[in-house]
$ cat structure_28.txt   # compact mmCIF, C-alpha atoms
# COMPACT_ATOMS: atom_id res chain seq x y z
CA MET Q 1 36.74 96.62 142.86
CA ASN Q 2 33.37 95.55 141.55
CA LYS Q 3 33.90 94.92 137.84
CA ASN Q 4 30.82 92.84 137.15
CA ASN Q 5 28.33 95.65 136.42
CA LYS Q 6 25.82 94.24 138.89
CA GLY Q 7 25.61 97.42 140.92
CA GLN Q 8 25.84 97.29 144.68
CA MET Q 9 24.36 94.86 147.16
CA HIS Q 10 21.72 95.76 149.73
CA ILE Q 11 22.23 94.68 153.34
CA ILE Q 12 20.02 94.83 156.40
CA ALA Q 13 20.91 93.66 159.90
CA GLN Q 14 18.87 91.68 162.40
CA LEU Q 15 19.05 90.95 166.12
CA SER Q 16 16.64 88.28 167.30
CA ALA Q 17 15.36 89.50 170.69
CA GLY Q 18 18.71 91.26 171.12
CA GLN Q 19 20.57 87.97 170.64
CA GLY Q 20 22.27 86.38 167.68
CA LEU Q 21 21.69 83.37 165.50
CA GLU Q 22 22.74 80.70 167.97
CA PRO Q 23 20.56 79.47 170.87
CA GLY Q 24 23.50 79.73 173.25
CA GLY Q 25 24.52 83.20 172.10
CA TRP Q 26 23.00 84.84 175.16
CA ARG Q 27 25.64 83.05 177.26
CA TRP Q 28 28.55 84.29 175.15
CA PRO Q 29 31.14 86.33 177.09
CA GLY Q 30 30.54 90.06 176.78
CA GLU Q 31 26.91 89.82 175.62
CA ASP Q 32 24.08 91.28 177.70
CA LYS Q 33 22.37 88.25 179.24
CA ALA Q 34 19.10 90.21 179.45
CA ALA Q 35 19.39 91.82 176.00
CA PHE Q 36 15.78 90.94 175.21
CA ILE Q 37 14.59 93.61 177.69
CA ASN Q 38 17.35 96.17 177.14
CA GLU Q 39 16.23 98.81 174.67
CA ASP Q 40 19.79 100.12 174.35
CA VAL Q 41 20.88 96.87 172.69
CA PHE Q 42 18.41 97.45 169.86
CA ILE Q 43 19.20 101.16 169.61
CA ASN Q 44 22.92 100.34 169.40
CA GLY Q 45 22.14 97.71 166.76
CA ALA Q 46 20.37 100.27 164.57
CA GLN Q 47 23.21 102.73 165.09
CA LEU Q 48 25.72 100.07 164.05
CA ALA Q 49 23.70 99.39 160.89
CA GLU Q 50 23.73 103.12 160.16
CA LYS Q 51 27.48 103.29 160.82
CA GLY Q 52 27.95 100.64 158.14
CA LYS Q 53 25.64 102.54 155.73
CA LEU Q 54 23.39 99.49 155.58
CA ASP Q 55 19.91 99.74 154.12
CA GLY Q 56 18.08 98.88 157.29
CA PHE Q 57 17.65 97.23 160.66
CA PHE Q 58 14.97 94.57 161.06
CA LEU Q 59 12.88 93.37 164.00
CA VAL Q 60 10.66 90.29 164.01
CA ASP Q 61 7.68 89.89 166.32
CA VAL Q 62 6.20 86.78 167.92
CA PRO Q 63 3.92 88.02 170.72
CA ALA Q 64 4.14 84.90 172.85
CA ILE Q 65 6.56 82.68 174.73
CA SER Q 66 7.14 80.34 171.82
CA ASP Q 67 10.48 78.73 172.63
CA ASP Q 68 11.82 76.51 175.40
CA ILE Q 69 12.38 79.49 177.67
CA ALA Q 70 13.97 77.31 180.35
CA LYS Q 71 17.13 77.15 178.20
CA THR Q 72 16.75 79.59 175.32
CA PRO Q 73 15.66 83.24 174.97
CA GLN Q 74 12.50 83.65 172.95
CA GLY Q 75 12.65 84.79 169.33
CA SER Q 76 11.25 88.24 170.03
CA SER Q 77 10.63 90.31 173.11
CA LEU Q 78 9.89 94.00 173.57
CA ASP Q 79 7.16 95.42 171.36
CA PRO Q 80 9.00 96.24 168.11
CA ILE Q 81 6.83 99.30 167.47
CA VAL Q 82 8.01 100.93 170.70
CA LEU Q 83 11.60 100.01 169.86
CA MET Q 84 11.23 101.42 166.35
CA ALA Q 85 10.18 104.78 167.76
CA LEU Q 86 13.25 104.84 170.01
CA MET Q 87 15.54 103.80 167.15
CA ALA Q 88 14.03 106.40 164.83
CA LYS Q 89 15.02 109.18 167.22
CA ALA Q 90 18.51 107.74 167.71
CA THR Q 91 19.35 107.44 163.99
CA GLU Q 92 19.05 109.61 160.89
CA ARG Q 93 19.37 107.56 157.70
CA VAL Q 94 19.14 103.80 158.26
CA GLY Q 95 15.85 102.11 157.34
CA LEU Q 96 13.75 100.53 160.09
CA ILE Q 97 11.67 97.45 159.26
CA SER Q 98 9.13 95.93 161.62
CA THR Q 99 6.74 93.02 161.50
CA MET Q 100 3.03 93.67 162.07
CA SER Q 101 0.77 90.66 161.63
CA THR Q 102 -2.39 90.80 159.56
CA SER Q 103 -3.79 87.99 161.72
CA ILE Q 104 -3.91 89.91 165.00
CA LYS Q 105 -3.99 93.60 164.00
CA GLU Q 106 -6.80 95.66 162.46
CA PRO Q 107 -6.15 97.66 159.27
CA TYR Q 108 -6.53 101.11 160.79
CA SER Q 109 -4.24 100.22 163.69
CA ILE Q 110 -1.53 99.05 161.29
CA ALA Q 111 -1.96 101.99 158.94
CA ARG Q 112 -1.88 104.63 161.68
CA THR Q 113 0.99 103.06 163.64
CA MET Q 114 3.16 102.55 160.58
CA ARG Q 115 2.40 106.02 159.23
CA THR Q 116 3.26 107.54 162.61
CA LEU Q 117 6.62 105.76 162.60
CA ASP Q 118 7.18 106.71 158.97
CA LEU Q 119 6.64 110.36 159.85
CA VAL Q 120 8.74 110.19 163.03
CA SER Q 121 11.60 108.57 161.08
CA LYS Q 122 11.12 110.98 158.15
CA GLY Q 123 10.39 108.23 155.67
CA ARG Q 124 12.51 105.28 156.81
CA MET Q 125 9.94 102.63 157.71
CA GLY Q 126 9.26 99.22 156.21
CA TRP Q 127 6.27 97.01 157.04
CA ASN Q 128 6.96 93.27 157.07
CA VAL Q 129 3.54 91.86 156.17
CA VAL Q 130 3.04 88.46 157.78
CA THR Q 131 0.31 86.15 158.96
CA THR Q 132 0.56 84.52 162.38
CA GLY Q 133 0.62 80.75 162.44
CA ASN Q 134 2.01 80.23 165.92
CA PRO Q 135 -0.87 78.83 168.01
CA ARG Q 136 0.55 80.26 171.24
CA ALA Q 137 0.56 83.76 169.78
CA LEU Q 138 -2.92 83.41 168.27
CA LEU Q 139 -4.38 82.15 171.55
CA ASN Q 140 -3.10 85.29 173.24
CA TYR Q 141 -5.58 87.25 171.13
CA PHE Q 142 -8.38 84.86 170.25
CA ALA Q 143 -10.26 81.96 171.75
CA GLY Q 144 -9.22 79.70 168.87
CA THR Q 145 -7.04 79.60 165.77
CA PRO Q 146 -8.32 80.51 162.28
CA GLU Q 147 -8.55 78.09 159.37
CA HIS Q 148 -5.78 78.26 156.76
CA GLY Q 149 -8.00 79.90 154.14
CA GLU Q 150 -9.42 82.38 156.63
CA LYS Q 151 -5.94 83.49 157.68
CA HIS Q 152 -4.93 84.26 154.12
CA GLY Q 153 -8.29 85.75 153.19
CA ARG Q 154 -8.01 88.16 156.10
CA ALA Q 155 -4.40 88.97 155.15
CA ARG Q 156 -5.44 90.02 151.64
CA GLU Q 157 -8.12 92.28 153.02
CA VAL Q 158 -5.93 93.85 155.69
CA TRP Q 159 -3.20 94.61 153.16
CA GLU Q 160 -5.70 96.20 150.77
CA ALA Q 161 -7.40 98.25 153.48
CA VAL Q 162 -4.06 99.53 154.83
CA LEU Q 163 -2.91 100.69 151.41
CA ARG Q 164 -6.27 102.35 150.74
CA LEU Q 165 -6.04 104.11 154.11
CA TRP Q 166 -2.55 105.38 153.36
CA GLY Q 167 -3.74 106.65 149.98
CA SER Q 168 -6.79 108.33 151.51
CA TRP Q 169 -4.60 111.29 152.52
CA PRO Q 170 -2.79 112.08 149.27
CA GLU Q 171 0.34 114.12 148.75
CA GLY Q 172 -0.50 117.80 148.51
CA ALA Q 173 -3.62 117.65 150.66
CA LEU Q 174 -1.82 119.24 153.62
CA LYS Q 175 -1.71 122.99 152.85
CA LEU Q 176 -0.61 124.77 156.06
CA ASP Q 177 -1.40 128.05 154.33
CA VAL Q 178 -1.26 130.67 157.06
CA ALA Q 179 -2.28 133.55 154.79
CA SER Q 180 -5.52 131.94 153.60
CA GLY Q 181 -6.17 129.99 156.76
CA VAL Q 182 -6.39 126.68 154.85
CA PHE Q 183 -4.88 123.86 156.90
CA ALA Q 184 -5.73 120.99 154.53
CA ASP Q 185 -7.81 120.37 151.41
CA ASP Q 186 -10.60 118.24 152.82
CA LYS Q 187 -11.91 117.47 149.34
CA LEU Q 188 -8.80 115.37 148.72
CA ILE Q 189 -9.00 113.49 152.02
CA GLN Q 190 -11.87 111.04 151.66
CA PRO Q 191 -13.18 107.90 153.44
CA ILE Q 192 -12.32 104.55 151.87
CA ASN Q 193 -15.48 102.76 153.10
CA PHE Q 194 -13.74 99.40 152.88
CA GLN Q 195 -15.95 96.43 153.67
CA GLY Q 196 -14.52 92.95 153.38
CA GLU Q 197 -15.50 89.53 154.60
CA TYR Q 198 -13.09 89.69 157.54
CA VAL Q 199 -12.25 93.36 158.17
CA SER Q 200 -13.66 96.78 157.48
CA SER Q 201 -12.57 100.40 157.84
CA ARG Q 202 -14.31 103.66 157.04
CA GLY Q 203 -11.25 105.92 156.92
CA PRO Q 204 -9.71 108.23 155.97
CA ILE Q 205 -6.45 108.06 157.85
CA ASN Q 206 -5.74 111.07 160.05
CA LEU Q 207 -2.10 111.62 159.02
CA PRO Q 208 -0.42 112.87 155.82
CA PRO Q 209 2.19 110.83 153.93
CA SER Q 210 5.86 110.82 154.90
CA PRO Q 211 8.73 111.98 152.68
CA GLN Q 212 8.72 108.52 151.03
CA GLY Q 213 4.91 108.39 150.85
CA MET Q 214 4.29 105.12 152.63
CA PRO Q 215 6.44 102.38 154.22
CA VAL Q 216 8.23 99.86 152.02
CA ILE Q 217 6.27 96.59 151.85
CA PHE Q 218 8.25 93.51 152.91
CA THR Q 219 7.16 89.89 153.14
CA ALA Q 220 8.71 86.71 154.49
CA GLY Q 221 7.60 84.92 151.32
CA GLY Q 222 7.11 81.43 152.76
CA GLY Q 223 4.89 78.95 150.90
CA GLU Q 224 2.68 79.52 147.86
CA TYR Q 225 0.79 82.40 149.44
CA GLY Q 226 3.95 84.22 150.47
CA TYR Q 227 5.52 83.68 147.05
CA ASN Q 228 2.48 85.10 145.25
CA PHE Q 229 2.32 88.05 147.63
CA ALA Q 230 5.98 88.80 146.95
CA ALA Q 231 5.54 88.53 143.19
CA THR Q 232 2.47 90.76 143.00
CA LYS Q 233 2.47 93.11 145.99
CA ALA Q 234 5.69 93.45 147.99
CA ASP Q 235 8.74 95.65 147.40
CA ALA Q 236 11.16 93.34 149.18
CA MET Q 237 11.30 89.85 150.60
CA TYR Q 238 13.17 87.90 153.24
CA GLY Q 239 14.57 84.70 151.79
CA ASN Q 240 15.88 81.64 153.59
CA PRO Q 241 17.87 79.81 150.90
CA PRO Q 242 19.73 76.69 152.05
CA THR Q 243 22.34 76.96 149.27
CA LEU Q 244 23.70 79.37 146.70
CA GLU Q 245 22.24 77.28 143.87
CA TYR Q 246 18.79 77.34 145.49
CA ALA Q 247 18.97 81.11 146.02
CA ALA Q 248 19.95 81.83 142.41
CA ALA Q 249 17.25 79.54 140.98
CA PHE Q 250 14.62 81.03 143.30
CA TRP Q 251 15.43 84.59 142.25
CA GLN Q 252 15.36 83.65 138.59
CA GLN Q 253 11.89 82.18 139.03
CA LEU Q 254 10.60 85.02 141.20
CA SER Q 255 11.94 87.77 138.94
CA ALA Q 256 10.08 86.16 136.02
CA SER Q 257 6.88 86.10 138.09
CA ILE Q 258 7.36 89.75 139.08
CA LYS Q 259 7.79 90.73 135.43
CA HIS Q 260 4.73 88.66 134.47
CA SER Q 261 2.66 90.62 136.99
CA GLY Q 262 3.53 93.86 135.18
CA ARG Q 263 6.26 95.01 137.53
CA ASN Q 264 9.99 95.75 137.24
CA PRO Q 265 12.21 93.12 138.94
CA ASP Q 266 14.94 95.77 139.24
CA GLN Q 267 12.72 97.50 141.81
CA PHE Q 268 12.51 94.44 144.05
CA THR Q 269 15.07 93.09 146.51
CA ILE Q 270 15.39 89.68 148.12
CA PHE Q 271 17.26 89.83 151.41
CA ASN Q 272 18.78 86.37 151.72
CA GLY Q 273 19.22 85.43 155.39
CA ILE Q 274 22.88 84.75 156.21
CA GLY Q 275 24.40 83.97 159.60
CA VAL Q 276 27.98 85.09 160.16
CA SER Q 277 30.71 83.90 162.53
CA ILE Q 278 33.84 86.05 162.27
CA ALA Q 279 37.34 85.33 163.60
CA SER Q 280 40.96 85.95 162.69
CA SER Q 281 41.28 82.56 160.96
CA GLU Q 282 39.08 79.75 159.62
CA LYS Q 283 40.26 77.55 162.50
CA GLU Q 284 39.34 80.13 165.13
CA ALA Q 285 35.96 80.71 163.50
CA LEU Q 286 35.20 76.98 163.66
CA GLU Q 287 36.32 76.88 167.28
CA ARG Q 288 34.03 79.82 168.01
CA ARG Q 289 31.13 77.95 166.45
CA ILE Q 290 31.91 74.83 168.49
CA ALA Q 291 31.97 76.89 171.69
CA LEU Q 292 28.63 78.49 170.81
CA ASP Q 293 27.12 75.06 170.13
CA GLU Q 294 28.25 73.88 173.54
CA LEU Q 295 26.38 76.81 175.14
CA GLY Q 296 23.23 75.80 173.28
CA GLU Q 297 21.69 72.37 172.86
CA PRO Q 298 24.17 70.11 171.00
CA VAL Q 299 22.22 66.90 171.75
CA ARG Q 300 19.08 68.16 170.00
CA ARG Q 301 21.17 69.35 167.05
CA GLN Q 302 22.85 65.95 166.83
CA GLN Q 303 19.43 64.29 166.69
CA TYR Q 304 18.41 66.46 163.76
CA LEU Q 305 21.68 65.78 161.97
CA SER Q 306 20.80 62.09 162.15
CA HIS Q 307 17.53 62.89 160.35
CA MET Q 308 19.36 64.89 157.67
CA LEU Q 309 21.83 62.08 156.95
CA SER Q 310 19.24 59.27 157.20
CA ILE Q 311 21.41 57.27 159.60
CA PRO Q 312 21.41 56.73 163.39
CA ILE Q 313 24.20 58.75 165.01
CA ALA Q 314 22.82 59.09 168.54
CA GLY Q 315 25.34 57.83 171.06
CA LEU Q 316 28.33 58.17 168.74
CA ASP Q 317 31.44 60.03 169.86
CA ILE Q 318 30.67 63.64 168.93
CA ASP Q 319 34.39 64.42 168.70
CA ALA Q 320 35.04 61.73 166.10
CA PRO Q 321 34.01 61.43 162.45
CA ILE Q 322 31.01 59.27 161.62
CA PRO Q 323 32.29 55.68 161.23
CA ASP Q 324 32.81 54.44 157.67
CA HIS Q 325 30.21 51.68 157.95
CA LEU Q 326 27.54 54.28 158.71
CA LEU Q 327 28.78 56.78 156.13
CA LYS Q 328 28.29 54.14 153.44
CA LEU Q 329 24.59 54.10 154.38
CA ALA Q 330 24.19 57.87 154.66
CA ARG Q 331 21.97 59.72 152.19
CA PRO Q 332 20.90 63.40 152.13
CA ASN Q 333 17.30 63.60 153.33
CA ARG Q 334 15.19 64.74 150.39
CA THR Q 335 12.75 66.60 152.64
CA ASP Q 336 15.40 69.15 153.66
CA HIS Q 337 17.47 71.09 151.12
CA ARG Q 338 20.19 71.66 153.73
CA SER Q 339 20.91 67.95 153.98
CA GLN Q 340 23.28 67.88 151.01
CA TYR Q 341 25.61 70.31 152.78
CA ALA Q 342 25.52 68.22 155.95
CA TYR Q 343 26.27 65.11 153.88
CA ASP Q 344 29.20 66.78 152.10
CA LEU Q 345 30.72 67.86 155.42
CA ALA Q 346 30.37 64.37 156.88
CA MET Q 347 31.97 62.82 153.82
CA LYS Q 348 34.99 65.14 154.20
CA GLY Q 349 35.80 63.48 157.51
CA PHE Q 350 34.83 66.27 159.89
CA THR Q 351 33.89 65.21 163.40
CA ILE Q 352 30.20 65.31 164.29
CA ARG Q 353 30.84 68.37 166.42
CA GLU Q 354 32.62 70.09 163.51
CA VAL Q 355 29.85 69.19 161.07
CA LEU Q 356 27.32 70.83 163.40
CA ALA Q 357 29.58 73.85 163.91
CA HIS Q 358 29.57 74.56 160.16
CA GLY Q 359 25.86 75.30 160.53
CA PRO Q 360 24.11 72.85 158.17
CA ILE Q 361 21.08 72.60 160.43
CA ASN Q 362 20.80 76.35 161.06
CA TYR Q 363 17.73 78.09 159.67
CA HIS Q 364 20.07 80.32 157.65
CA PRO Q 365 23.30 79.40 155.86
CA VAL Q 366 26.30 80.24 158.03
CA PHE Q 367 29.36 82.01 156.63
CA LEU Q 368 32.25 81.39 159.01
CA GLY Q 369 35.82 82.56 158.68
CA THR Q 370 37.88 85.71 158.41
CA PRO Q 371 36.36 89.07 157.42
CA GLU Q 372 38.01 88.66 154.01
CA SER Q 373 36.58 85.17 153.41
CA ILE Q 374 33.08 86.23 154.50
CA ALA Q 375 33.26 89.20 152.11
CA ASP Q 376 34.35 86.73 149.41
CA LYS Q 377 31.30 84.52 150.05
CA LEU Q 378 28.90 87.46 149.99
CA GLN Q 379 30.45 88.63 146.73
CA GLN Q 380 30.21 85.12 145.27
CA TRP Q 381 26.50 84.92 146.09
CA PHE Q 382 25.83 88.46 144.86
CA GLU Q 383 27.56 87.91 141.54
CA ALA Q 384 25.75 84.58 141.08
CA GLY Q 385 22.47 86.49 140.93
CA VAL Q 386 20.56 85.84 144.16
CA GLY Q 387 18.47 89.01 144.17
CA LYS Q 388 20.92 91.69 145.35
CA GLY Q 389 20.29 91.58 149.09
CA PHE Q 390 21.36 89.98 152.37
CA ASN Q 391 19.87 89.92 155.85
CA ILE Q 392 22.87 89.57 158.15
CA ILE Q 393 22.51 87.89 161.55
CA GLY Q 394 25.53 87.69 163.83
CA ASP Q 395 26.05 84.48 165.75
CA SER Q 396 26.14 85.81 169.31
CA GLY Q 397 24.43 89.20 169.36
CA LEU Q 398 25.43 92.85 169.37
CA SER Q 399 29.17 92.18 169.47
CA SER Q 400 28.99 89.93 166.39
CA LEU Q 401 27.01 92.61 164.52
CA ALA Q 402 29.73 95.11 165.48
CA ASP Q 403 32.36 92.72 164.10
CA PHE Q 404 30.51 92.54 160.80
CA VAL Q 405 30.10 96.30 160.48
CA GLU Q 406 33.64 97.11 161.54
CA GLN Q 407 35.49 94.30 159.77
CA VAL Q 408 33.48 92.98 156.79
CA VAL Q 409 31.65 96.10 155.64
CA PRO Q 410 34.84 98.10 154.89
CA ILE Q 411 36.06 95.28 152.63
CA LEU Q 412 32.79 95.28 150.67
CA GLN Q 413 32.94 99.08 150.41
CA LYS Q 414 36.53 98.99 149.16
CA ARG Q 415 35.47 96.51 146.47
CA GLY Q 416 32.67 98.84 145.38
CA LEU Q 417 30.02 96.30 146.37
CA LEU Q 418 28.43 98.40 149.11
CA ARG Q 419 27.78 102.10 149.45
CA SER Q 420 30.31 104.14 151.42
CA GLU Q 421 27.84 106.95 152.05
CA TYR Q 422 24.08 107.27 151.90
CA THR Q 423 22.85 109.04 148.77
CA GLY Q 424 19.23 109.28 149.93
CA SER Q 425 17.40 109.85 153.18
CA THR Q 426 14.45 107.42 152.91
CA LEU Q 427 14.26 103.64 152.84
CA ARG Q 428 12.67 103.81 149.38
CA GLU Q 429 15.65 105.78 148.13
CA HIS Q 430 18.08 103.29 149.67
CA LEU Q 431 16.34 100.46 147.77
CA GLY Q 432 15.96 102.37 144.51
CA LEU Q 433 12.18 102.64 144.82
CA PRO Q 434 10.10 105.64 143.73
CA TYR Q 435 7.87 107.69 146.01
CA ARG Q 436 4.56 105.94 146.56
CA ASN Q 437 1.44 106.46 148.63
CA GLY Q 438 -1.32 103.88 148.34
CA PHE Q 439 -2.12 101.59 145.46
CA ALA Q 440 -0.04 101.35 142.32
CA GLU Q 441 -1.95 100.99 139.06
CA PHE Q 442 -1.17 97.31 138.61
CA GLU Q 443 -2.39 96.58 142.15
CA THR Q 444 -5.67 98.39 141.63
CA LYS Q 445 -6.42 95.98 138.80
CA SER Q 446 -5.54 92.88 140.81
CA ALA Q 447 -6.16 93.74 144.46
CA HIS Q 448 -7.80 90.36 145.08
CA ALA Q 449 -5.50 88.32 142.85
CA ILE Q 450 -4.08 86.28 145.72
$ encode --input "structure_28.txt" --output "structure tokens"
Amino acid sequence: MNKNNKGQMHIIAQLSAGQGLEPGGWRWPGEDKAAFINEDVFINGAQLAEKGKLDGFFLVDVPAISDDIAKTPQGSSLDPIVLMALMAKATERVGLISTMSTSIKEPYSIARTMRTLDLVSKGRMGWNVVTTGNPRALLNYFAGTPEHGEKHGRAREVWEAVLRLWGSWPEGALKLDVASGVFADDKLIQPINFQGEYVSSRGPINLPPSPQGMPVIFTAGGGEYGYNFAATKADAMYGNPPTLEYAAAFWQQLSASIKHSGRNPDQFTIFNGIGVSIASSEKEALERRIALDELGEPVRRQQYLSHMLSIPIAGLDIDAPIPDHLLKLARPNRTDHRSQYAYDLAMKGFTIREVLAHGPINYHPVFLGTPESIADKLQQWFEAGVGKGFNIIGDSGLSSLADFVEQVVPILQKRGLLRSEYTGSTLREHLGLPYRNGFAEFETKSAHAI
């Protein structure tokens, strides 16, 4: 049971282009090799998240071929907005979070699309507000790439215009009064006449608010801009902490910044990205990871491990520990927070292949082991104060998400760390957020603060 009075954790699930965390996951036995173009994979993923009473299901979007597609599926595939509509009709309670970039979308397009999905899902949408830095994606829309300042300047304006558009049709303006013949109070629905340096929109929006008002605002939170946006404007944030200590320190700092901006940190959730590899024993989980690595690109991973340890390991026997004479020279690379973990694993005498299999060079920390041990690690992080939330990514794809929902989630529920039933019907209710439609008072005062 949860005896630490920290409430319950929030969990969302993610499938990258229908695949899992590992580059070779698409080759894993039982996975759909063409998951990236199979809408049923995503629908089933959302249904699994709902089965586990998770807060939401998340889709990223990179509208370009941005990976080495000769060997690896790309990071995103089908248009997430189309998938969200399909998932909304196939589920009833789970939240649905989608990326829409401020760099390549106009405010009215974002506002109308997200409001449509929020209405179709009956108040379960979240908007992940991001800028696009990938040159391949930008060049699919524009002749060139914007300057750093221009990208962020446009993002501020798009965010502001979208929220003003959502607020331009306030709650209560839709009357549907058959007796009087009044469909809507047009005095309440007014243009926003937004004119910025980069974008403009007359408004008003042509749709009323959903049961939650407007979608929950998410951000990826990378860099100074992302941090400031999270602290002053977002409801939730995706975090990529390399270690537990980093995650706890980051949340302590961010919660202070949120409070300083006039907001309540208790109404904000960081979803710390965590990869999971589940098996019946620690040994089998490590063997699973090794097999997944072999299906990916182990040589490239070995090259990066050399960078992390500050020693040359190319050409060494991957199935043997790093020789002592090299270990004496090894140092964690200060430019990468994950390097300390890689160093610790190497110093314990693991083989190079085993060090890599533990996931020190993965973008997200990897929890590998039995369902019980993974629940233990999630509980440890949660009780250490990392911001209440986790974004769970299975290692191979849909089957690994099913393993998490069917094997780990019941343990967390039994401990009182995760809801056993939904108590609300909207994403805002799942996250403990009040109804909202448009600007909050503190945002009106500081709309251009970042």
$ closest_atom_pairs --input "structure_28.txt" --of "range 10-49 of chain Q" --to "range 379-402 of chain Q" --cutoff "6 Å" --atoms "all atoms listed in the file" --output "JSON lines"
{"residue": "Q:His10", "atom": "CA", "partner": "Q:Gly389", "partner_atom": "CA", "distance": 4.5}
{"residue": "Q:Ile11", "atom": "CA", "partner": "Q:Phe390", "partner_atom": "CA", "distance": 4.9}
{"residue": "Q:Ile12", "atom": "CA", "partner": "Q:Asn391", "partner_atom": "CA", "distance": 4.9}
{"residue": "Q:Ala13", "atom": "CA", "partner": "Q:Ile392", "partner_atom": "CA", "distance": 4.9}
{"residue": "Q:Gln14", "atom": "CA", "partner": "Q:Ile393", "partner_atom": "CA", "distance": 5.3}
{"residue": "Q:Gln19", "atom": "CA", "partner": "Q:Gly397", "partner_atom": "CA", "distance": 4.2}
{"residue": "Q:Gly20", "atom": "CA", "partner": "Q:Gly397", "partner_atom": "CA", "distance": 3.9}
{"residue": "Q:Leu21", "atom": "CA", "partner": "Q:Asp395", "partner_atom": "CA", "distance": 4.5}
{"residue": "Q:Glu22", "atom": "CA", "partner": "Q:Asp395", "partner_atom": "CA", "distance": 5.5}
{"residue": "Q:Gly25", "atom": "CA", "partner": "Q:Ser396", "partner_atom": "CA", "distance": 4.1}
$ write_last_selection --input "structure_28.txt" --atoms "C-alpha atoms" --output "compact mmCIF listing (two decimals), keeping the file's coordinate frame"
# COMPACT_ATOMS: atom_id res chain seq x y z
CA HIS Q 10 21.72 95.76 149.73
CA ILE Q 11 22.23 94.68 153.34
CA ILE Q 12 20.02 94.83 156.40
CA ALA Q 13 20.91 93.66 159.90
CA GLN Q 14 18.87 91.68 162.40
CA GLN Q 19 20.57 87.97 170.64
CA GLY Q 20 22.27 86.38 167.68
CA LEU Q 21 21.69 83.37 165.50
CA GLU Q 22 22.74 80.70 167.97
CA GLY Q 25 24.52 83.20 172.10
$ residues_near_point --input "structure_28.txt" --point "(31.2, 85.4, 155.0)" --cutoff "10 Å" --atoms "all atoms listed in the file" --output "PyMOL selection string"
chain Q and resi 274-278+365-380+392+404+408
$ closest_residue --input "structure_28.txt" --among "Q:Val182, Q:Ala357, Q:Ser201, Q:Val120" --to "Arg288 in chain Q" --atoms "all atoms listed in the file"
Q:Ala357
$ residues_near_point --input "structure_28.txt" --point "(-9.6, 97.9, 151.8)" --cutoff "8 Å" --atoms "all atoms listed in the file" --output "number ranges by chain"
Q: 157-165, 192-196, 200-201
$ closest_residue --input "structure_28.txt" --among "Q:Ala64, Q:Ala440, Q:Leu327, Q:Leu54" --to "Gly133 in chain Q" --atoms "only C-alpha atoms"
Q:Ala64
$ closest_residue --input "structure_28.txt" --among "Q:Asn437, Q:Gln302, Q:Gln252, Q:Thr423" --to "Arg93 in chain Q" --atoms "all atoms listed in the file"
Q:Thr423
$ atom_distance --input "structure_28.txt" --atom1 "CA of Ala85 in chain Q" --atom2 "CA of Ile217 in chain Q"
18.3 Å
$ atom_distance --input "structure_28.txt" --atom1 "CA of Gly167 in chain Q" --atom2 "CA of Pro434 in chain Q"
15.2 Å
